[in-house]
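Asks: Pasting a structure here, questions to come.
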Amino acid sequence: MSTNLKIRCLPVEMAFEAAADESILAAALRAGVMLPHSCKTGLCGTCRVRVVDGHVDFNTAKARGLSPHDRAEGDVLLCQTRAVSDVTLACNIVEETRDVPVRRIAAHVVGVDPLSEDVRRIRLALPEGETFGFVAGQHMNVVMSGGVRRCVSLANAPSGGDAGLEMHLRNYGGVLSKYVFESIKDGDLVRMEGPLGTFVLRGGSDRPLLFVAGGTGFSPVKSMIETLIEQRSSRPMSLYWGGRRPPDLYLHELAGHWHDHVGLDYVPVVSDGEPEDAWQGRTGFVHQAVMDDFDDLSGHDVYVCGAPPMVEAARRDFIGARKLPPRQFFADAFHPS
Ligand code: FES
C-alpha cells in the first residue's frame, strides 16, 4: 500500500504530499510547488535544501552536485531524495512563481519562422479572450501525441502572453523537432502544460545583470531582457551569447539593437567558426569570455542558460574563481530529449 507522506516547506507555510517511491522534487512539481531545480539528475545542486525534521532516503551516489561539507550539514538534493516519514524542509521558495498557476492550455500556430538552418521560431495564439500568466524565463511542457512531453522555454516577455507565445526550437532530431521541422503548419493546435520552472528573473536586487546564453539558451534570456526593457530598468545589463558558428547566434541583430538602443553590453562569441564565416568577433567558449572580462563577479546577478557542460563550467568558475556568491547565480541547463 502506498502511503502519502506530508512534506512541509519553511519558512513559508507550504505543504504537499509525496509517495514513498518518488523523489520529493517530483512530488513538489506534481503538486504545482515550484521549488528551484534544473538537471533533476543530482549534478547541478540547484534543488539543495536542508532537512529540518523527519527521515529521508538520500541517494548520495547520484548527488554529485552536493559538497561533502553541505552533506555533513544536513543538506540534500531533492531530486535524489525520497521521504521515509513526514518531513519538514527549509526550502528556497521562488517568490516570483508562487502565485502563478500551472494550467493546461491549447494554442494555435500562427507563424513558423526559420531563424537559422536548425532553429525555428514558433508563434502561438491563445483562444480569443483567454489570458495566460508566466514569469520571464519559465518554460512549457508541449504535450505530444501519446502523452510525450517536451520542455520548451517561452521567449517573449510575459506582458505579451495574452496576445501570444513565442518559442525557439533547435532541431535535435526528437519527436518535437520532427514535428516542427517537417510538418507543423499555421492553424495547428498545440497542447501545453505550464508555466513551469524556477529559472526566472528575480526581483529585489539592483545589482548589474550578466546573462550568459549558449545557442537556444538565448530564448528565456530574451524573455528576461525584454521584460527589463519594458520595465525601463536602470540596472546595467551584459549579454554574452555563444554559438559554435555565427548562424547559431540566430537573433544577433536583435541583440545588437538592444546594444544600440538600451545600452546592453552585447558580446557574441563563436567557438568553432570556419574560414568562410569571416567571423571578426570574439572566439572560444562563452563562459571563458566572461572569465577573461571579469576579475570579480561578487557584485553581479548572473543568469546562465545553455548546454549542461557550459552551465556547469560557469557555475564552477564564476563561483570558485570570480567570487560570485552562489545565491546570485541562476541557471538552467537543457538536456535534449
Ligand atoms: Fe537536483 Fe540538479 S541536482 S535538480
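Letters for chains follow the order of the C-alpha cells (A, B, ...), residue numbers begin at 1 for each chain, and ligand numbers begin at 1 in the order shown.
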With the cut-off set at 9 Å and counting only C-alpha atoms, tabulate each residue of stretch 191-301 of chain A with an atom at most that distance from an atom of stretch 86-108 of chain A, showing the nearest atom pair and its distance in Å to one decimal, ordered by chain and increasing number, as JSON lines.
Replies:
```
{"residue": "A:Arg191", "atom": "CA", "partner": "A:Ala106", "partner_atom": "CA", "distance": 4.4}
{"residue": "A:Met192", "atom": "CA", "partner": "A:Ile105", "partner_atom": "CA", "distance": 5.4}
{"residue": "A:Glu193", "atom": "CA", "partner": "A:Arg104", "partner_atom": "CA", "distance": 4.5}
{"residue": "A:Gly194", "atom": "CA", "partner": "A:Val102", "partner_atom": "CA", "distance": 4.8}
{"residue": "A:Pro195", "atom": "CA", "partner": "A:Val102", "partner_atom": "CA", "distance": 5.5}
{"residue": "A:Leu196", "atom": "CA", "partner": "A:Val102", "partner_atom": "CA", "distance": 7.0}
{"residue": "A:Gly197", "atom": "CA", "partner": "A:Thr97", "partner_atom": "CA", "distance": 8.5}
{"residue": "A:Thr198", "atom": "CA", "partner": "A:Val94", "partner_atom": "CA", "distance": 6.7}
{"residue": "A:Val200", "atom": "CA", "partner": "A:Glu96", "partner_atom": "CA", "distance": 7.6}
{"residue": "A:Leu201", "atom": "CA", "partner": "A:Glu96", "partner_atom": "CA", "distance": 8.0}
{"residue": "A:Arg202", "atom": "CA", "partner": "A:Glu96", "partner_atom": "CA", "distance": 6.8}
{"residue": "A:Gly203", "atom": "CA", "partner": "A:Glu96", "partner_atom": "CA", "distance": 7.6}
```
Asks: Any chance you could export the current selection's N, CA and C atoms as a PDB file, in the first residue's frame?
Replies:
```pdb
ATOM      1  N   ARG A 191      -0.947  21.532 -27.690  1.00  0.00           N
ATOM      2  CA  ARG A 191      -1.359  21.400 -26.287  1.00  0.00           C
ATOM      3  C   ARG A 191      -0.136  21.515 -25.388  1.00  0.00           C
ATOM      4  N   MET A 192      -0.320  22.245 -24.286  1.00  0.00           N
ATOM      5  CA  MET A 192       0.816  22.515 -23.402  1.00  0.00           C
ATOM      6  C   MET A 192       0.378  22.516 -21.941  1.00  0.00           C
ATOM      7  N   GLU A 193       1.368  22.333 -21.056  1.00  0.00           N
ATOM      8  CA  GLU A 193       1.168  22.499 -19.614  1.00  0.00           C
ATOM      9  C   GLU A 193       2.189  23.516 -19.121  1.00  0.00           C
ATOM     10  N   GLY A 194       1.783  24.386 -18.235  1.00  0.00           N
ATOM     11  CA  GLY A 194       2.745  25.338 -17.706  1.00  0.00           C
ATOM     12  C   GLY A 194       2.043  26.550 -17.111  1.00  0.00           C
ATOM     13  N   PRO A 195       2.791  27.589 -16.754  1.00  0.00           N
ATOM     14  CA  PRO A 195       4.231  27.697 -16.928  1.00  0.00           C
ATOM     15  C   PRO A 195       4.963  26.919 -15.839  1.00  0.00           C
ATOM     16  N   LEU A 196       6.178  26.488 -16.164  1.00  0.00           N
ATOM     17  CA  LEU A 196       6.979  25.677 -15.260  1.00  0.00           C
ATOM     18  C   LEU A 196       8.372  26.282 -15.115  1.00  0.00           C
ATOM     19  N   GLY A 197       9.053  25.856 -14.060  1.00  0.00           N
ATOM     20  CA  GLY A 197      10.457  26.213 -13.927  1.00  0.00           C
ATOM     21  C   GLY A 197      10.704  27.377 -12.988  1.00  0.00           C
ATOM     22  N   THR A 198      11.902  27.379 -12.441  1.00  0.00           N
ATOM     23  CA  THR A 198      12.298  28.403 -11.473  1.00  0.00           C
ATOM     24  C   THR A 198      13.478  29.220 -11.959  1.00  0.00           C
ATOM     25  N   VAL A 200      13.936  32.070 -13.317  1.00  0.00           N
ATOM     26  CA  VAL A 200      13.127  33.266 -13.584  1.00  0.00           C
ATOM     27  C   VAL A 200      13.869  34.499 -13.104  1.00  0.00           C
ATOM     28  N   LEU A 201      13.495  35.589 -13.701  1.00  0.00           N
ATOM     29  CA  LEU A 201      14.044  36.879 -13.318  1.00  0.00           C
ATOM     30  C   LEU A 201      13.607  37.197 -11.896  1.00  0.00           C
ATOM     31  N   ARG A 202      14.586  37.389 -11.016  1.00  0.00           N
ATOM     32  CA  ARG A 202      14.275  37.643  -9.608  1.00  0.00           C
ATOM     33  C   ARG A 202      14.225  39.154  -9.344  1.00  0.00           C
ATOM     34  N   GLY A 203      13.269  39.534  -8.505  1.00  0.00           N
ATOM     35  CA  GLY A 203      13.177  40.928  -8.111  1.00  0.00           C
ATOM     36  C   GLY A 203      14.031  41.182  -6.879  1.00  0.00           C
TER      37      GLY A 203
END
```
Asks: Would you pick out the contacts of stretch 52-62 of chain A at 9 Å or less, using only C-alpha atoms, so that residues sharing its chain but fewer than 2 positions from it are not included, and give the list as a list in words?
Replies: Leu10, Thr41, Gly42, Leu43, Arg50, Arg64, Gly65, Leu66, Arg71, Gly74, Val76, Leu77, Leu78, Gln80, Thr81, Arg82, Ala83, Val84, Ser85, Asp86, Val87, Thr88, Leu89 and Ala90 of chain A
Asks: Could you check the closest approach to A:Val51 for each of A:Glu73, A:Arg30, A:Leu239, A:Phe285 and tell me which residue wins, using only C-alpha atoms?
Replies: A:Glu73
Asks: Would you mind listing what lies within 7 Å of A:Met224 as a PyMOL selection string, with only C-alpha atoms counted and same-chain residues fewer than 2 positions away left out?
Replies: chain A and resi 136-137+157+201+220-222+226-228
Asks: Could you write those residues out with all heavy atoms, as a PDB file, in the first residue's frame?
Replies:
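In the end it all went to again_4.pdb:
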```
ATOM      1  N   ALA A 136       9.045  35.773 -16.615  1.00  0.00           N
ATOM      2  CA  ALA A 136      10.109  35.732 -17.623  1.00  0.00           C
ATOM      3  C   ALA A 136      11.151  34.681 -17.266  1.00  0.00           C
ATOM      4  O   ALA A 136      11.688  34.681 -16.154  1.00  0.00           O
ATOM      5  CB  ALA A 136      10.766  37.102 -17.745  1.00  0.00           C
ATOM      6  N   GLY A 137      11.415  33.776 -18.205  1.00  0.00           N
ATOM      7  CA  GLY A 137      12.389  32.711 -18.007  1.00  0.00           C
ATOM      8  C   GLY A 137      11.747  31.335 -17.889  1.00  0.00           C
ATOM      9  O   GLY A 137      12.429  30.315 -18.004  1.00  0.00           O
ATOM     10  N   ALA A 157       8.270  38.393 -23.619  1.00  0.00           N
ATOM     11  CA  ALA A 157       8.014  38.932 -22.283  1.00  0.00           C
ATOM     12  C   ALA A 157       6.595  38.542 -21.865  1.00  0.00           C
ATOM     13  O   ALA A 157       5.696  38.464 -22.708  1.00  0.00           O
ATOM     14  CB  ALA A 157       8.173  40.442 -22.285  1.00  0.00           C
ATOM     15  N   LEU A 201      13.495  35.589 -13.701  1.00  0.00           N
ATOM     16  CA  LEU A 201      14.044  36.879 -13.318  1.00  0.00           C
ATOM     17  C   LEU A 201      13.607  37.197 -11.896  1.00  0.00           C
ATOM     18  O   LEU A 201      12.421  37.244 -11.600  1.00  0.00           O
ATOM     19  CB  LEU A 201      13.495  37.921 -14.295  1.00  0.00           C
ATOM     20  CG  LEU A 201      14.107  39.303 -14.297  1.00  0.00           C
ATOM     21  CD1 LEU A 201      15.603  39.249 -14.583  1.00  0.00           C
ATOM     22  CD2 LEU A 201      13.399  40.154 -15.346  1.00  0.00           C
ATOM     23  N   PRO A 220      14.971  31.965 -23.074  1.00  0.00           N
ATOM     24  CA  PRO A 220      14.466  32.535 -21.819  1.00  0.00           C
ATOM     25  C   PRO A 220      15.158  33.843 -21.448  1.00  0.00           C
ATOM     26  O   PRO A 220      14.567  34.717 -20.803  1.00  0.00           O
ATOM     27  CB  PRO A 220      14.767  31.441 -20.782  1.00  0.00           C
ATOM     28  CG  PRO A 220      15.879  30.642 -21.372  1.00  0.00           C
ATOM     29  CD  PRO A 220      15.663  30.679 -22.859  1.00  0.00           C
ATOM     30  N   VAL A 221      16.422  33.975 -21.883  1.00  0.00           N
ATOM     31  CA  VAL A 221      17.158  35.217 -21.609  1.00  0.00           C
ATOM     32  C   VAL A 221      16.512  36.377 -22.369  1.00  0.00           C
ATOM     33  O   VAL A 221      16.387  37.495 -21.852  1.00  0.00           O
ATOM     34  CB  VAL A 221      18.648  35.023 -22.002  1.00  0.00           C
ATOM     35  CG1 VAL A 221      19.373  36.350 -22.115  1.00  0.00           C
ATOM     36  CG2 VAL A 221      19.328  34.108 -20.986  1.00  0.00           C
ATOM     37  N   LYS A 222      16.062  36.108 -23.589  1.00  0.00           N
ATOM     38  CA  LYS A 222      15.361  37.145 -24.366  1.00  0.00           C
ATOM     39  C   LYS A 222      14.107  37.597 -23.619  1.00  0.00           C
ATOM     40  O   LYS A 222      13.814  38.801 -23.529  1.00  0.00           O
ATOM     41  CB  LYS A 222      14.994  36.592 -25.746  1.00  0.00           C
ATOM     42  CG  LYS A 222      14.092  37.498 -26.574  1.00  0.00           C
ATOM     43  CD  LYS A 222      13.830  36.893 -27.951  1.00  0.00           C
ATOM     44  CE  LYS A 222      12.858  37.717 -28.784  1.00  0.00           C
ATOM     45  NZ  LYS A 222      11.475  37.669 -28.306  1.00  0.00           N
ATOM     46  N   GLU A 226      13.714  41.466 -22.474  1.00  0.00           N
ATOM     47  CA  GLU A 226      12.591  42.266 -22.980  1.00  0.00           C
ATOM     48  C   GLU A 226      11.710  42.747 -21.823  1.00  0.00           C
ATOM     49  O   GLU A 226      11.152  43.845 -21.860  1.00  0.00           O
ATOM     50  CB  GLU A 226      11.789  41.460 -24.007  1.00  0.00           C
ATOM     51  CG  GLU A 226      12.589  41.276 -25.292  1.00  0.00           C
ATOM     52  CD  GLU A 226      11.813  40.606 -26.416  1.00  0.00           C
ATOM     53  OE1 GLU A 226      10.813  39.926 -26.129  1.00  0.00           O
ATOM     54  OE2 GLU A 226      12.232  40.762 -27.577  1.00  0.00           O
ATOM     55  N   THR A 227      11.606  41.931 -20.779  1.00  0.00           N
ATOM     56  CA  THR A 227      10.848  42.355 -19.593  1.00  0.00           C
ATOM     57  C   THR A 227      11.521  43.546 -18.923  1.00  0.00           C
ATOM     58  O   THR A 227      10.876  44.536 -18.556  1.00  0.00           O
ATOM     59  CB  THR A 227      10.738  41.175 -18.602  1.00  0.00           C
ATOM     60  OG1 THR A 227      10.050  40.112 -19.252  1.00  0.00           O
ATOM     61  CG2 THR A 227      10.002  41.561 -17.340  1.00  0.00           C
ATOM     62  N   LEU A 228      12.843  43.462 -18.769  1.00  0.00           N
ATOM     63  CA  LEU A 228      13.585  44.561 -18.136  1.00  0.00           C
ATOM     64  C   LEU A 228      13.493  45.838 -18.973  1.00  0.00           C
ATOM     65  O   LEU A 228      13.382  46.937 -18.429  1.00  0.00           O
ATOM     66  CB  LEU A 228      15.053  44.148 -17.951  1.00  0.00           C
ATOM     67  CG  LEU A 228      15.266  43.082 -16.871  1.00  0.00           C
ATOM     68  CD1 LEU A 228      16.566  42.327 -17.100  1.00  0.00           C
ATOM     69  CD2 LEU A 228      15.274  43.731 -15.482  1.00  0.00           C
TER      70      LEU A 228
END
```
Asks: List the neighbours of A:Ala321 out to 10 Å using only C-alpha atoms; skip same-chain residues closer than 2 positions along the sequence, and give me the result as a PyMOL selection string.
Replies: chain A and resi 291+295-297+315-319+323-324
Asks: Considering only C-alpha atoms, tabulate each residue of stretch 160-204 of chain A that lies at most 8 Å from stretch 112-125 of chain A along with its nearest interatomic pair and the corresponding distance in Å to one decimal; arrange the rows by chain and ascending residue number and present them as JSON lines.
Replies:
```
{"residue": "A:Ala163", "atom": "CA", "partner": "A:Ala125", "partner_atom": "CA", "distance": 6.5}
{"residue": "A:Gly164", "atom": "CA", "partner": "A:Ala125", "partner_atom": "CA", "distance": 4.4}
{"residue": "A:Leu165", "atom": "CA", "partner": "A:Leu124", "partner_atom": "CA", "distance": 5.0}
{"residue": "A:Glu166", "atom": "CA", "partner": "A:Arg123", "partner_atom": "CA", "distance": 4.8}
{"residue": "A:Met167", "atom": "CA", "partner": "A:Ile122", "partner_atom": "CA", "distance": 5.2}
{"residue": "A:His168", "atom": "CA", "partner": "A:Arg121", "partner_atom": "CA", "distance": 4.6}
{"residue": "A:Leu169", "atom": "CA", "partner": "A:Arg120", "partner_atom": "CA", "distance": 5.3}
{"residue": "A:Arg170", "atom": "CA", "partner": "A:Val119", "partner_atom": "CA", "distance": 4.4}
{"residue": "A:Asn171", "atom": "CA", "partner": "A:Asp118", "partner_atom": "CA", "distance": 5.3}
{"residue": "A:Val180", "atom": "CA", "partner": "A:Arg120", "partner_atom": "CA", "distance": 7.7}
{"residue": "A:Phe181", "atom": "CA", "partner": "A:Arg120", "partner_atom": "CA", "distance": 7.8}
{"residue": "A:Lys185", "atom": "CA", "partner": "A:Val112", "partner_atom": "CA", "distance": 7.5}
{"residue": "A:Asp186", "atom": "CA", "partner": "A:Val112", "partner_atom": "CA", "distance": 7.6}
```
Asks: Could you pull the residues within 12 Å of A:Trp258, counting only C-alpha atoms, minus those fewer than 3 positions along the same chain, as a list in words?
Replies: Lys222, Ile225, Glu226, Leu228, Ile229, Met237, Ser238, Leu239, Leu251, His252, Glu253, Leu254, Ala255, His261, Val262, Gly263, Leu264, Asp265, Tyr266 and Val267 of chain A
Asks: Can you list every residue in stretch 7-104 of chain A that DSSP puts in alpha helix (DSSP H), as number ranges by chain?
Replies: A: 24-30, 68-72
Asks: Would you mind exporting C-alpha atoms of the selected residues as a short mmCIF file (atom, residue, chain, number, x, y, z; two decimals), in the first residue's frame?
Replies:
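Listed below is the output, part_18.cif:
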```cif
data_model
loop_
_atom_site.label_atom_id
_atom_site.label_comp_id
_atom_site.auth_asym_id
_atom_site.auth_seq_id
_atom_site.Cartn_x
_atom_site.Cartn_y
_atom_site.Cartn_z
CA ILE A 24 10.39 14.86 -3.19
CA LEU A 25 11.15 17.17 -6.12
CA ALA A 26 8.86 15.16 -8.41
CA ALA A 27 6.11 15.30 -5.79
CA ALA A 28 6.52 19.07 -5.37
CA LEU A 29 6.31 19.74 -9.10
CA ARG A 30 3.31 17.45 -9.43
CA PRO A 68 30.75 16.71 1.49
CA HIS A 69 30.59 19.78 3.73
CA ASP A 70 26.98 20.55 2.80
CA ARG A 71 26.03 16.91 3.19
CA ALA A 72 27.55 16.88 6.68
#
```
Asks: List every residue of stretch 107-311 of chain A that DSSP, applied to the backbone of this structure, assigns to strand (DSSP E), and report them as a PyMOL selection string.
Replies: chain A and resi 107-116+119-125+139-143+149-153+165-170+189-196+209-214+237-243+265-270+282-283+301-306
Asks: What is the distance, in Å and to one decimal place, between atom CA of A:Ala333 and atom CA of A:Asp206?
Replies: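 Taking atom CA of A:Ala333 as the start and atom CA of A:Asp206 as the end point, the length is 25.0 Å.
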Asks: A:Pro308, A:Pro325, A:Gly173, A:Gly147: which is nearest ligand 1, counting only C-alpha atoms and all ligand atoms?
Replies: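 So, comparing all the options, the nearest one is A:Pro308.
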